[in-house]
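**Student:** Next comes upload16.cif, mmCIF, C-alpha atoms and all ligand atoms:
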```cif
data_structure
loop_
_atom_site.group_PDB
_atom_site.id
_atom_site.type_symbol
_atom_site.label_atom_id
_atom_site.label_comp_id
_atom_site.auth_asym_id
_atom_site.auth_seq_id
_atom_site.Cartn_x
_atom_site.Cartn_y
_atom_site.Cartn_z
ATOM 1 C CA MET X 259 0.000 0.000 0.000
ATOM 2 C CA LEU X 260 2.718 2.505 1.021
ATOM 3 C CA ARG X 261 6.203 1.998 -0.353
ATOM 4 C CA ALA X 262 9.265 4.226 0.099
ATOM 5 C CA THR X 263 12.236 3.415 -2.101
ATOM 6 C CA ASN X 264 15.761 4.627 -1.477
ATOM 7 C CA LEU X 265 14.696 7.910 0.125
ATOM 8 C CA THR X 266 17.470 10.399 0.732
ATOM 9 C CA LYS X 267 17.257 13.897 2.155
ATOM 10 C CA GLN X 268 20.102 16.380 2.306
ATOM 11 C CA TYR X 269 20.007 19.889 3.742
ATOM 12 C CA PRO X 270 22.672 22.493 2.970
ATOM 13 C CA VAL X 271 24.857 23.392 5.950
ATOM 14 C CA ARG X 272 23.984 26.911 7.049
ATOM 15 C CA GLY X 273 26.813 29.271 6.157
ATOM 16 C CA GLY X 274 28.991 26.459 4.752
ATOM 17 C CA ASP X 275 29.571 24.319 1.663
ATOM 18 C CA GLY X 276 28.667 20.873 2.929
ATOM 19 C CA VAL X 277 25.386 19.032 3.369
ATOM 20 C CA VAL X 278 23.623 17.395 6.276
ATOM 21 C CA GLN X 279 22.593 13.891 5.261
ATOM 22 C CA ALA X 280 19.327 13.549 7.197
ATOM 23 C CA LEU X 281 18.234 10.389 5.364
ATOM 24 C CA ALA X 282 20.578 8.048 3.535
ATOM 25 C CA GLY X 283 18.673 5.605 1.333
ATOM 26 C CA VAL X 284 15.676 4.427 3.369
ATOM 27 C CA SER X 285 13.326 1.838 1.864
ATOM 28 C CA LEU X 286 10.224 0.455 3.563
ATOM 29 C CA GLU X 287 6.806 -1.014 2.854
ATOM 30 C CA LEU X 288 3.508 -0.881 4.688
ATOM 31 C CA ALA X 289 0.607 -3.250 3.943
ATOM 32 C CA GLU X 290 -3.091 -2.493 4.482
ATOM 33 C CA GLY X 291 -4.064 -2.726 8.157
ATOM 34 C CA GLU X 292 -0.448 -3.116 9.277
ATOM 35 C CA THR X 293 1.561 -1.108 11.813
ATOM 36 C CA LEU X 294 5.206 -0.397 11.135
ATOM 37 C CA GLY X 295 7.026 0.908 14.201
ATOM 38 C CA ILE X 296 10.023 3.163 13.614
ATOM 39 C CA VAL X 297 12.322 3.558 16.580
ATOM 40 C CA GLY X 298 15.530 5.481 17.147
ATOM 41 C CA GLU X 299 17.066 8.289 19.174
ATOM 42 C CA SER X 300 16.524 11.944 18.453
ATOM 43 C CA GLY X 301 18.648 12.760 15.390
ATOM 44 C CA SER X 302 18.162 9.331 13.820
ATOM 45 C CA GLY X 303 16.060 10.707 10.937
ATOM 46 C CA LYS X 304 12.634 9.422 12.062
ATOM 47 C CA SER X 305 10.829 12.749 11.811
ATOM 48 C CA THR X 306 12.476 13.641 8.490
ATOM 49 C CA LEU X 307 11.231 10.309 7.151
ATOM 50 C CA ALA X 308 7.701 11.097 8.374
ATOM 51 C CA LYS X 309 7.715 14.481 6.613
ATOM 52 C CA LEU X 310 8.808 12.876 3.347
ATOM 53 C CA LEU X 311 6.183 10.132 3.584
ATOM 54 C CA VAL X 312 3.357 12.705 3.801
ATOM 55 C CA ARG X 313 5.141 14.997 1.336
ATOM 56 C CA LEU X 314 5.461 17.862 3.813
ATOM 57 C CA GLU X 315 8.971 18.003 2.338
ATOM 58 C CA ASP X 316 10.414 16.758 -0.951
ATOM 59 C CA PRO X 317 13.127 14.083 -0.919
ATOM 60 C CA THR X 318 16.516 14.809 -2.471
ATOM 61 C CA SER X 319 16.055 11.488 -4.273
ATOM 62 C CA GLY X 320 13.897 8.387 -4.018
ATOM 63 C CA THR X 321 10.155 7.759 -4.301
ATOM 64 C CA VAL X 322 7.103 7.411 -2.071
ATOM 65 C CA GLU X 323 4.248 5.407 -3.614
ATOM 66 C CA LEU X 324 0.742 5.106 -2.245
ATOM 67 C CA ASP X 325 -1.122 2.295 -4.006
ATOM 68 C CA GLY X 326 1.302 2.605 -6.915
ATOM 69 C CA VAL X 327 0.991 6.415 -7.280
ATOM 70 C CA ASP X 328 4.302 8.247 -6.810
ATOM 71 C CA LEU X 329 3.547 11.123 -4.403
ATOM 72 C CA THR X 330 6.883 12.808 -5.108
ATOM 73 C CA THR X 331 5.786 13.779 -8.644
ATOM 74 C CA LEU X 332 2.283 15.058 -7.791
ATOM 75 C CA ARG X 333 1.299 18.725 -7.595
ATOM 76 C CA GLY X 334 -1.839 20.751 -6.852
ATOM 77 C CA GLY X 335 -5.189 18.983 -6.675
ATOM 78 C CA ALA X 336 -3.772 15.527 -7.403
ATOM 79 C CA LEU X 337 -1.394 15.858 -4.438
ATOM 80 C CA ARG X 338 -4.179 17.160 -2.157
ATOM 81 C CA GLU X 339 -6.377 14.189 -3.077
ATOM 82 C CA GLN X 340 -3.616 11.666 -2.287
ATOM 83 C CA ARG X 341 -2.683 13.514 0.923
ATOM 84 C CA ARG X 342 -6.188 12.908 2.211
ATOM 85 C CA ARG X 343 -5.365 9.217 2.276
ATOM 86 C CA ILE X 344 -2.244 9.602 4.416
ATOM 87 C CA GLN X 345 -2.613 11.795 7.481
ATOM 88 C CA MET X 346 -0.138 12.795 10.164
ATOM 89 C CA LEU X 347 -0.702 13.028 13.907
ATOM 90 C CA PHE X 348 1.784 15.250 15.710
ATOM 91 C CA GLN X 349 3.471 14.903 19.072
ATOM 92 C CA ASP X 350 2.125 18.063 20.652
ATOM 93 C CA PRO X 351 -1.662 18.162 20.361
ATOM 94 C CA TYR X 352 -1.816 21.708 21.745
ATOM 95 C CA SER X 353 0.375 23.364 19.144
ATOM 96 C CA SER X 354 -1.358 21.512 16.302
ATOM 97 C CA LEU X 355 -4.838 22.897 17.153
ATOM 98 C CA ASN X 356 -5.833 26.509 16.457
ATOM 99 C CA PRO X 357 -6.275 28.038 19.954
ATOM 100 C CA ARG X 358 -8.844 30.566 18.663
ATOM 101 C CA GLN X 359 -11.223 27.986 17.221
ATOM 102 C CA ARG X 360 -13.733 25.870 19.106
ATOM 103 C CA ILE X 361 -13.388 22.107 18.697
ATOM 104 C CA GLY X 362 -16.523 21.917 16.553
ATOM 105 C CA ALA X 363 -15.153 24.571 14.190
ATOM 106 C CA ILE X 364 -11.732 22.871 13.950
ATOM 107 C CA LEU X 365 -13.285 19.585 12.856
ATOM 108 C CA GLY X 366 -16.019 21.207 10.751
ATOM 109 C CA GLU X 367 -13.452 23.213 8.811
ATOM 110 C CA VAL X 368 -11.599 20.054 7.748
ATOM 111 C CA LEU X 369 -14.860 18.543 6.492
ATOM 112 C CA ALA X 370 -15.767 21.762 4.631
ATOM 113 C CA VAL X 371 -12.343 22.112 2.971
ATOM 114 C CA HIS X 372 -12.536 18.543 1.692
ATOM 115 C CA ARG X 373 -16.252 18.830 0.832
ATOM 116 C CA LEU X 374 -17.210 15.928 3.068
ATOM 117 C CA ALA X 375 -20.426 15.250 5.016
ATOM 118 C CA GLY X 376 -22.661 17.489 2.903
ATOM 119 C CA ASP X 377 -24.117 20.763 4.217
ATOM 120 C CA ALA X 378 -23.631 22.507 7.580
ATOM 121 C CA ARG X 379 -26.104 20.196 9.299
ATOM 122 C CA GLY X 380 -24.368 17.115 7.843
ATOM 123 C CA ARG X 381 -20.989 18.410 9.000
ATOM 124 C CA GLN X 382 -22.330 19.049 12.493
ATOM 125 C CA ARG X 383 -23.627 15.495 12.673
ATOM 126 C CA ARG X 384 -20.318 14.105 11.402
ATOM 127 C CA VAL X 385 -18.326 16.163 13.958
ATOM 128 C CA GLY X 386 -20.419 14.532 16.701
ATOM 129 C CA GLU X 387 -19.715 11.079 15.228
ATOM 130 C CA LEU X 388 -15.985 11.781 15.061
ATOM 131 C CA LEU X 389 -15.841 12.892 18.701
ATOM 132 C CA ASP X 390 -17.765 9.800 19.718
ATOM 133 C CA LEU X 391 -15.378 7.637 17.671
ATOM 134 C CA VAL X 392 -12.398 8.898 19.694
ATOM 135 C CA GLY X 393 -14.184 8.555 23.046
ATOM 136 C CA LEU X 394 -15.094 12.228 23.608
ATOM 137 C CA ASP X 395 -18.413 13.711 24.621
ATOM 138 C CA PRO X 396 -19.919 15.358 21.493
ATOM 139 C CA ARG X 397 -20.839 18.357 23.701
ATOM 140 C CA LEU X 398 -17.125 19.304 23.678
ATOM 141 C CA THR X 399 -17.692 21.006 20.304
ATOM 142 C CA GLN X 400 -18.222 24.314 22.144
ATOM 143 C CA ARG X 401 -14.906 24.156 24.013
ATOM 144 C CA TYR X 402 -11.574 25.707 23.032
ATOM 145 C CA PRO X 403 -8.383 23.592 22.959
ATOM 146 C CA HIS X 404 -7.028 25.215 26.153
ATOM 147 C CA GLU X 405 -10.113 24.008 28.037
ATOM 148 C CA LEU X 406 -9.249 20.348 27.324
ATOM 149 C CA SER X 407 -6.717 18.038 28.965
ATOM 150 C CA GLY X 408 -3.670 16.847 26.980
ATOM 151 C CA GLY X 409 -5.295 13.461 26.405
ATOM 152 C CA GLN X 410 -8.547 15.077 25.201
ATOM 153 C CA ARG X 411 -6.594 17.331 22.833
ATOM 154 C CA GLN X 412 -4.773 14.368 21.342
ATOM 155 C CA ARG X 413 -8.141 12.652 20.847
ATOM 156 C CA VAL X 414 -9.306 15.755 18.959
ATOM 157 C CA GLY X 415 -6.115 15.522 16.871
ATOM 158 C CA ILE X 416 -6.973 11.910 16.046
ATOM 159 C CA ALA X 417 -10.569 12.879 15.173
ATOM 160 C CA ARG X 418 -9.269 15.604 12.855
ATOM 161 C CA ALA X 419 -6.968 13.121 11.100
ATOM 162 C CA LEU X 420 -9.832 10.623 10.740
ATOM 163 C CA ALA X 421 -12.233 13.273 9.392
ATOM 164 C CA VAL X 422 -10.848 12.857 5.860
ATOM 165 C CA GLU X 423 -11.150 9.043 5.997
ATOM 166 C CA PRO X 424 -7.472 8.197 5.495
ATOM 167 C CA LYS X 425 -6.038 4.727 4.900
ATOM 168 C CA VAL X 426 -2.677 5.459 6.543
ATOM 169 C CA LEU X 427 -1.915 7.408 9.735
ATOM 170 C CA LEU X 428 1.591 8.632 10.438
ATOM 171 C CA LEU X 429 1.934 8.874 14.194
ATOM 172 C CA ASP X 430 4.996 10.931 15.163
ATOM 173 C CA GLU X 431 5.623 10.399 18.900
ATOM 174 C CA PRO X 432 1.838 10.597 19.480
ATOM 175 C CA VAL X 433 1.940 9.999 23.250
ATOM 176 C CA SER X 434 5.362 11.395 24.232
ATOM 177 C CA ALA X 435 3.954 14.771 25.338
ATOM 178 C CA LEU X 436 1.201 13.193 27.449
ATOM 179 C CA ASP X 437 1.104 12.253 31.130
ATOM 180 C CA VAL X 438 2.117 8.664 31.710
ATOM 181 C CA SER X 439 -1.375 7.975 33.080
ATOM 182 C CA VAL X 440 -3.098 8.779 29.759
ATOM 183 C CA ARG X 441 -0.555 7.227 27.397
ATOM 184 C CA ALA X 442 -2.039 3.749 27.711
ATOM 185 C CA GLU X 443 -5.544 5.109 27.030
ATOM 186 C CA ILE X 444 -4.427 6.762 23.788
ATOM 187 C CA MET X 445 -2.434 3.700 22.730
ATOM 188 C CA ASN X 446 -5.487 1.487 23.321
ATOM 189 C CA LEU X 447 -7.678 3.922 21.356
ATOM 190 C CA LEU X 448 -5.213 3.800 18.431
ATOM 191 C CA ASP X 449 -5.248 0.006 18.592
ATOM 192 C CA ASP X 450 -9.061 -0.097 18.504
ATOM 193 C CA LEU X 451 -9.322 2.406 15.644
ATOM 194 C CA ARG X 452 -6.815 0.507 13.556
ATOM 195 C CA ARG X 453 -8.810 -2.695 13.928
ATOM 196 C CA ASP X 454 -12.259 -1.128 13.473
ATOM 197 C CA LEU X 455 -11.356 1.148 10.530
ATOM 198 C CA ARG X 456 -8.714 -1.128 8.962
ATOM 199 C CA LEU X 457 -6.115 1.635 9.144
ATOM 200 C CA ALA X 458 -2.401 1.202 8.545
ATOM 201 C CA TYR X 459 -0.007 3.031 10.884
ATOM 202 C CA VAL X 460 3.553 4.234 10.713
ATOM 203 C CA PHE X 461 4.261 4.649 14.439
ATOM 204 C CA ILE X 462 7.363 6.713 15.203
ATOM 205 C CA SER X 463 8.855 6.750 18.680
ATOM 206 C CA HIS X 464 12.085 6.825 20.654
ATOM 207 C CA ASP X 465 10.396 4.509 23.171
ATOM 208 C CA VAL X 466 10.875 0.809 22.444
ATOM 209 C CA SER X 467 8.085 -0.214 24.836
ATOM 210 C CA MET X 468 5.522 1.858 22.885
ATOM 211 C CA VAL X 469 6.716 0.455 19.562
ATOM 212 C CA ARG X 470 6.548 -3.060 20.988
ATOM 213 C CA HIS X 471 2.971 -2.468 22.157
ATOM 214 C CA ILE X 472 1.526 -1.613 18.768
ATOM 215 C CA SER X 473 3.775 -2.790 15.897
ATOM 216 C CA ASP X 474 3.543 -5.733 13.512
ATOM 217 C CA ARG X 475 6.949 -4.908 12.090
ATOM 218 C CA VAL X 476 9.732 -2.653 13.340
ATOM 219 C CA ALA X 477 12.453 -0.594 11.648
ATOM 220 C CA VAL X 478 15.315 0.702 13.818
ATOM 221 C CA MET X 479 16.894 3.925 12.551
ATOM 222 C CA TYR X 480 20.344 5.324 13.209
ATOM 223 C CA LEU X 481 21.870 8.395 11.561
ATOM 224 C CA GLY X 482 19.408 8.502 8.682
ATOM 225 C CA ARG X 483 19.353 4.827 7.781
ATOM 226 C CA ILE X 484 17.569 1.634 8.797
ATOM 227 C CA VAL X 485 19.973 -0.620 10.664
ATOM 228 C CA GLU X 486 17.567 -3.415 11.620
ATOM 229 C CA GLN X 487 14.116 -4.273 10.303
ATOM 230 C CA GLY X 488 11.653 -7.132 10.516
ATOM 231 C CA ASP X 489 8.862 -8.763 12.523
ATOM 232 C CA TRP X 490 8.573 -6.977 15.856
ATOM 233 C CA LYS X 491 9.219 -10.047 17.969
ATOM 234 C CA SER X 492 12.314 -11.071 16.084
ATOM 235 C CA VAL X 493 13.763 -7.530 16.042
ATOM 236 C CA LEU X 494 12.954 -6.616 19.649
ATOM 237 C CA ASP X 495 13.240 -9.976 21.430
ATOM 238 C CA ASP X 496 16.080 -11.391 19.369
ATOM 239 C CA SER X 497 17.910 -8.219 18.318
ATOM 240 C CA ALA X 498 21.031 -8.567 16.234
ATOM 241 C CA HIS X 499 22.283 -4.979 15.881
ATOM 242 C CA PRO X 500 24.148 -3.637 18.933
ATOM 243 C CA TYR X 501 22.189 -0.394 18.640
ATOM 244 C CA THR X 502 18.824 -2.175 18.896
ATOM 245 C CA VAL X 503 20.126 -4.060 21.912
ATOM 246 C CA ALA X 504 21.143 -0.767 23.458
ATOM 247 C CA LEU X 505 17.753 0.768 22.812
ATOM 248 C CA GLY X 506 16.358 -1.597 25.359
ATOM 249 C CA ALA X 507 15.511 -4.841 23.641
ATOM 250 C CA ALA X 508 16.033 -8.107 25.498
ATOM 251 C CA VAL X 509 19.753 -8.780 25.635
ATOM 252 C CA PRO X 510 20.531 -11.001 22.668
ATOM 253 C CA VAL X 511 24.095 -11.444 21.431
ATOM 254 C CA PRO X 512 24.899 -11.165 17.712
ATOM 255 C CA ASP X 513 28.010 -13.261 18.141
ATOM 256 C CA PRO X 514 27.203 -16.511 20.005
ATOM 257 C CA SER X 515 30.926 -16.956 20.768
ATOM 258 C CA LEU X 516 30.783 -13.958 23.114
ATOM 259 C CA ALA X 517 30.513 -15.090 26.709
ATOM 260 C CA GLU X 518 28.963 -11.870 27.989
ATOM 261 C CA PRO X 519 25.819 -10.222 26.634
ATOM 262 C CA ILE X 520 26.252 -6.771 25.148
ATOM 263 C CA GLN X 521 25.694 -3.974 27.607
ATOM 264 C CA ALA X 522 22.241 -2.514 27.086
ATOM 265 C CA THR X 523 23.686 0.996 27.083
ATOM 266 C CA VAL X 524 25.641 2.856 24.463
ATOM 267 C CA VAL X 525 27.980 5.662 25.321
ATOM 268 C CA GLY X 526 28.098 8.972 23.495
ATOM 269 C CA GLU X 527 25.740 10.845 21.231
ATOM 270 C CA VAL X 528 24.439 10.359 17.695
ATOM 271 C CA PRO X 529 27.249 11.735 15.452
ATOM 272 C CA ASP X 530 26.885 14.990 13.517
ATOM 273 C CA PRO X 531 25.078 14.081 10.254
ATOM 274 C CA ALA X 532 27.081 16.837 8.514
ATOM 275 C CA ASN X 533 30.240 14.936 9.384
ATOM 276 C CA PRO X 534 29.323 11.242 9.686
ATOM 277 C CA PRO X 535 31.890 8.622 10.717
ATOM 278 C CA SER X 536 33.563 6.479 8.059
ATOM 279 C CA GLY X 537 32.421 2.874 7.573
ATOM 280 C CA CYS X 538 29.606 1.821 9.881
ATOM 281 C CA PRO X 539 28.094 5.038 11.288
ATOM 282 C CA PHE X 540 27.618 3.317 14.640
ATOM 283 C CA HIS X 541 31.277 2.321 15.073
ATOM 284 C CA PRO X 542 32.346 5.153 17.454
ATOM 285 C CA ARG X 543 29.730 3.926 19.965
ATOM 286 C CA CYS X 544 29.760 0.205 19.268
ATOM 287 C CA PRO X 545 31.129 -2.275 21.816
ATOM 288 C CA LEU X 546 31.724 -4.829 19.036
ATOM 289 C CA ALA X 547 33.449 -2.621 16.451
ATOM 290 C CA GLU X 548 36.222 -4.281 14.433
ATOM 291 C CA ASP X 549 38.659 -2.934 11.828
ATOM 292 C CA VAL X 550 36.223 -3.625 8.974
ATOM 293 C CA CYS X 551 33.609 -1.464 10.713
ATOM 294 C CA LEU X 552 35.858 1.609 10.432
ATOM 295 C CA SER X 553 36.162 1.357 6.663
ATOM 296 C CA THR X 554 33.089 -0.421 5.256
ATOM 297 C CA ASP X 555 29.478 0.663 5.670
ATOM 298 C CA PRO X 556 27.454 -2.536 6.259
ATOM 299 C CA LYS X 557 24.493 -3.186 3.962
ATOM 300 C CA LEU X 558 21.048 -4.132 5.263
ATOM 301 C CA LEU X 559 21.086 -7.904 4.630
ATOM 302 C CA PRO X 560 18.761 -10.812 5.486
ATOM 303 C CA LEU X 561 19.651 -12.372 8.823
ATOM 304 C CA ARG X 562 16.726 -14.782 8.963
ATOM 305 C CA PRO X 563 13.244 -14.813 7.377
ATOM 306 C CA ASN X 564 11.568 -11.399 7.798
ATOM 307 C CA HIS X 565 14.550 -9.938 9.663
ATOM 308 C CA ASN X 566 17.310 -7.821 8.087
ATOM 309 C CA VAL X 567 20.291 -6.194 9.761
ATOM 310 C CA ALA X 568 23.129 -3.868 8.765
ATOM 311 C CA CYS X 569 26.025 -5.147 10.875
ATOM 312 C CA HIS X 570 29.169 -7.027 9.796
ATOM 313 C CA VAL X 571 29.428 -8.944 13.062
ATOM 314 C CA ALA X 572 25.761 -9.957 13.245
ATOM 315 C CA ILE X 573 25.728 -11.199 9.650
ATOM 316 C CA ARG X 574 28.973 -13.128 10.115
ATOM 317 C CA ALA X 575 27.630 -14.742 13.279
ATOM 318 C CA ALA X 576 24.493 -15.818 11.432
ATOM 319 C CA VAL X 577 26.373 -17.457 8.557
ATOM 320 C CA PRO X 578 27.471 -20.968 9.567
ATOM 321 C CA ALA X 579 31.265 -21.388 9.307
ATOM 322 C CA ALA X 580 32.344 -23.499 6.292
HETATM 323 FE FE1 LIG N 601 29.137 -2.411 15.484
HETATM 324 FE FE2 LIG N 601 30.592 -3.094 13.381
HETATM 325 FE FE3 LIG N 601 28.112 -3.962 13.594
HETATM 326 FE FE4 LIG N 601 28.605 -1.390 13.075
HETATM 327 S S1 LIG N 601 29.075 -3.129 11.758
HETATM 328 S S2 LIG N 601 27.135 -2.190 14.509
HETATM 329 S S3 LIG N 601 30.435 -1.046 14.315
HETATM 330 S S4 LIG N 601 29.809 -4.473 14.944
#
```
Please express what this file holds, its structure, as structure tokens.

**Tutor:**
Amino acid sequence: MLRATNLTKQYPVRGGDGVVQALAGVSLELAEGETLGIVGESGSGKSTLAKLLVRLEDPTSGTVELDGVDLTTLRGGALREQRRRIQMLFQDPYSSLNPRQRIGAILGEVLAVHRLAGDARGRQRRVGELLDLVGLDPRLTQRYPHELSGGQRQRVGIARALAVEPKVLLLDEPVSALDVSVRAEIMNLLDDLRRDLRLAYVFISHDVSMVRHISDRVAVMYLGRIVEQGDWKSVLDDSAHPYTVALGAAVPVPDPSLAEPIQATVVGEVPDPANPPSGCPFHPRCPLAEDVCLSTDPKLLPLRPNHNVACHVAIRAAVPAA
């Protein structure tokens, strides 16, 4: 349904000659009704990827196809029509809602712009249905965003995204700004909506436990590339890349000859994408780095069925010795 192929994004360095490589050849697929979790630290390229997938920004190269239509070549009305089918939910529900509009007007405006739900009376009825769908009292239409709790505002954000009847929702850290007590409620609501409306999600988070909760498949990002990808259980419970292990997955060991499990912590920061390390971009922080890692960037290769990894050591450990 949604397919990104070899997406790259470069930004010019402010006041300099070089470029910041925010995305370096990311490919992924999303099937109908599926949830793909994307996990990584801040600076890993997750949010840049989200913006390219909904065409809020143009890629430097690569394509994004929705049901076979390349979004990167569309303009004007054709782009608007396709954008309806892939909606984005932002991290901060407060800043994404107009503080001067009542909730009813915010949702009604979306319906009017897209000419959905008929006349004013039809739109009013549909606004009530949307609020009910996300577990809010339809009487909240008269309230302003500042009169709602964070959880209620995020529910309004979800209702606004659903108003245009999308097939794909891009959820960029959708619960990170919320109190811990309401995170589970919103996650359960997203789960229910996906099942009931047959939605597909791209769920972006730095929090492995959230990704684990909701994903069918997981992609782990580091410095603008996918370093591990596959079925959620295989990637998170039997991680092969040292970075995934460090993000908090259960302590697997890529090299079975190692007596000690890898430490589930990684020292240092994500490197400057304007000046990335040679070879494997993770090598300055990797407890398993070898000479080859300093010179050769590992490719994302199959480790086992439905599980790929970009790590020299993990791939070598998976290949039986001759
Ligand atoms: Fe670590 Fe080398 Fe694997 Fe990169 S390729 S993650 S540096 S072991």

**Student:** Do you know which residues the PyMOL selection byres (((not hetatm)) within 12 of (chain N and resi 601)) returns on this file, as a PyMOL selection string?

**Tutor:** chain X and resi 480-481+484-486+497-504+511-513+520+524+535-559+567-575

**Student:** Assuming 3 Å of padding per side, give the centre and edge lengths of the axis-aligned box around every listed atom of region 315-327 of chain X, in Å to one decimal and as lines of an AutoDock Vina configuration file.

**Tutor:**
```
center_x = 7.7
center_y = 10.1
center_z = -2.5
size_x = 23.6
size_y = 21.7
size_z = 15.6
```

**Student:** What gap, in Å, lies between CA of Val297 (chain X) and CA of Asn356 (chain X)?

**Tutor:** 29.3 Å

**Student:** Would you work out the distance separating CA of Ser473 (chain X) from CA of Glu339 (chain X), expressed in Å to one decimal?

**Tutor:**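 If I compute the distance from CA of Ser473 (chain X) to CA of Glu339 (chain X), I get 27.4 Å.
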
**Student:** For Ala421 (chain X), which residue out of X:Lys491, X:Arg272, X:His372, X:Arg452 is the nearest one, using all atoms listed in the file?

**Tutor:** X:His372

**Student:** What is the CA of Arg441 (chain X)-CA of Arg413 (chain X) distance in Å, reported with one decimal?

**Tutor:**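 Distance between the two atoms: 11.4 Å.
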
**Student:** Here's the selection I'm unsure about, the PyMOL selection byres (((chain X and resi 311-320) around 7) and not hetatm); applied to the file above, which residues does it give, as number ranges by chain?

**Tutor:** X: 263-268, 307-310, 321-322, 330, 341, 344

**Student:** Just say which residues the PyMOL selection byres (((chain X and resi 468) around 10) and not hetatm) picks in this file, as a list in words.

**Tutor:**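 Selection result, ordered by chain and number: Gly295, Val297, Glu431, Val433, Ser434, Arg441, Ala442, Met445, Phe461, Ile462, Ser463, His464, Asp465, Val466, Ser467, Val469, Arg470, His471, Ile472 and Ser473 of chain X.
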
**Student:** Select, from X:Asn533, X:Leu391, X:Ile364, X:Ala262, the residue with the minimum atom-to-atom distance to Asp454 (chain X), counting all atoms listed in the file.

**Tutor:**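 With all atoms listed in the file as the atom set, the closest residue is X:Leu391.
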
**Student:** Please list as a VMD selection string every residue within 7 Å of Tyr402 (chain X), counting all atoms listed in the file and excluding residues in the same chain fewer than 3 positions away.

**Tutor:** chain X and resid 357 359 to 361 405

**Student:** Please list, as a ChimeraX atom specification, the residues that have an atom at most 6 Å away from (10.7, -5.4, 10.6) in the coordinates of this file, counting all atoms listed in the file.

**Tutor:** /X:475-477,487-490

**Student:** Take region 398-410 of chain X, model N, CA, C and O atoms, and hand the result over as a short mmCIF file (atom, residue, chain, number, x, y, z; two decimals), in the coordinates of the input.

**Tutor:**
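Once written, result02.cif looks like this:
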```cif
data_model
loop_
_atom_site.label_atom_id
_atom_site.label_comp_id
_atom_site.auth_asym_id
_atom_site.auth_seq_id
_atom_site.Cartn_x
_atom_site.Cartn_y
_atom_site.Cartn_z
N LEU X 398 -18.39 18.54 23.63
CA LEU X 398 -17.12 19.30 23.68
C LEU X 398 -16.94 20.21 22.46
O LEU X 398 -15.96 20.95 22.40
N THR X 399 -17.84 20.15 21.50
CA THR X 399 -17.69 21.01 20.30
C THR X 399 -17.61 22.49 20.66
O THR X 399 -17.03 23.27 19.92
N GLN X 400 -18.20 22.89 21.78
CA GLN X 400 -18.22 24.31 22.14
C GLN X 400 -16.98 24.75 22.91
O GLN X 400 -16.82 25.91 23.24
N ARG X 401 -16.11 23.82 23.23
CA ARG X 401 -14.91 24.16 24.01
C ARG X 401 -13.76 24.59 23.11
O ARG X 401 -13.70 24.22 21.94
N TYR X 402 -12.82 25.34 23.71
CA TYR X 402 -11.57 25.71 23.03
C TYR X 402 -10.49 24.71 23.45
O TYR X 402 -10.58 24.09 24.53
N PRO X 403 -9.44 24.57 22.62
CA PRO X 403 -8.38 23.59 22.96
C PRO X 403 -7.82 23.76 24.37
O PRO X 403 -7.55 22.78 25.06
N HIS X 404 -7.66 25.03 24.83
CA HIS X 404 -7.03 25.22 26.15
C HIS X 404 -7.94 24.74 27.28
O HIS X 404 -7.49 24.61 28.42
N GLU X 405 -9.19 24.48 26.99
CA GLU X 405 -10.11 24.01 28.04
C GLU X 405 -10.10 22.47 28.16
O GLU X 405 -10.82 21.92 28.97
N LEU X 406 -9.31 21.81 27.31
CA LEU X 406 -9.25 20.35 27.32
C LEU X 406 -7.95 19.88 27.96
O LEU X 406 -6.95 20.60 27.98
N SER X 407 -7.95 18.65 28.45
CA SER X 407 -6.72 18.04 28.96
C SER X 407 -5.84 17.62 27.78
O SER X 407 -6.32 17.58 26.62
N GLY X 408 -4.58 17.29 28.04
CA GLY X 408 -3.67 16.85 26.98
C GLY X 408 -4.21 15.62 26.25
O GLY X 408 -4.15 15.54 25.02
N GLY X 409 -4.75 14.68 27.02
CA GLY X 409 -5.30 13.46 26.40
C GLY X 409 -6.49 13.78 25.52
O GLY X 409 -6.64 13.22 24.43
N GLN X 410 -7.37 14.69 26.01
CA GLN X 410 -8.55 15.08 25.20
C GLN X 410 -8.10 15.77 23.92
O GLN X 410 -8.67 15.55 22.85
#
```
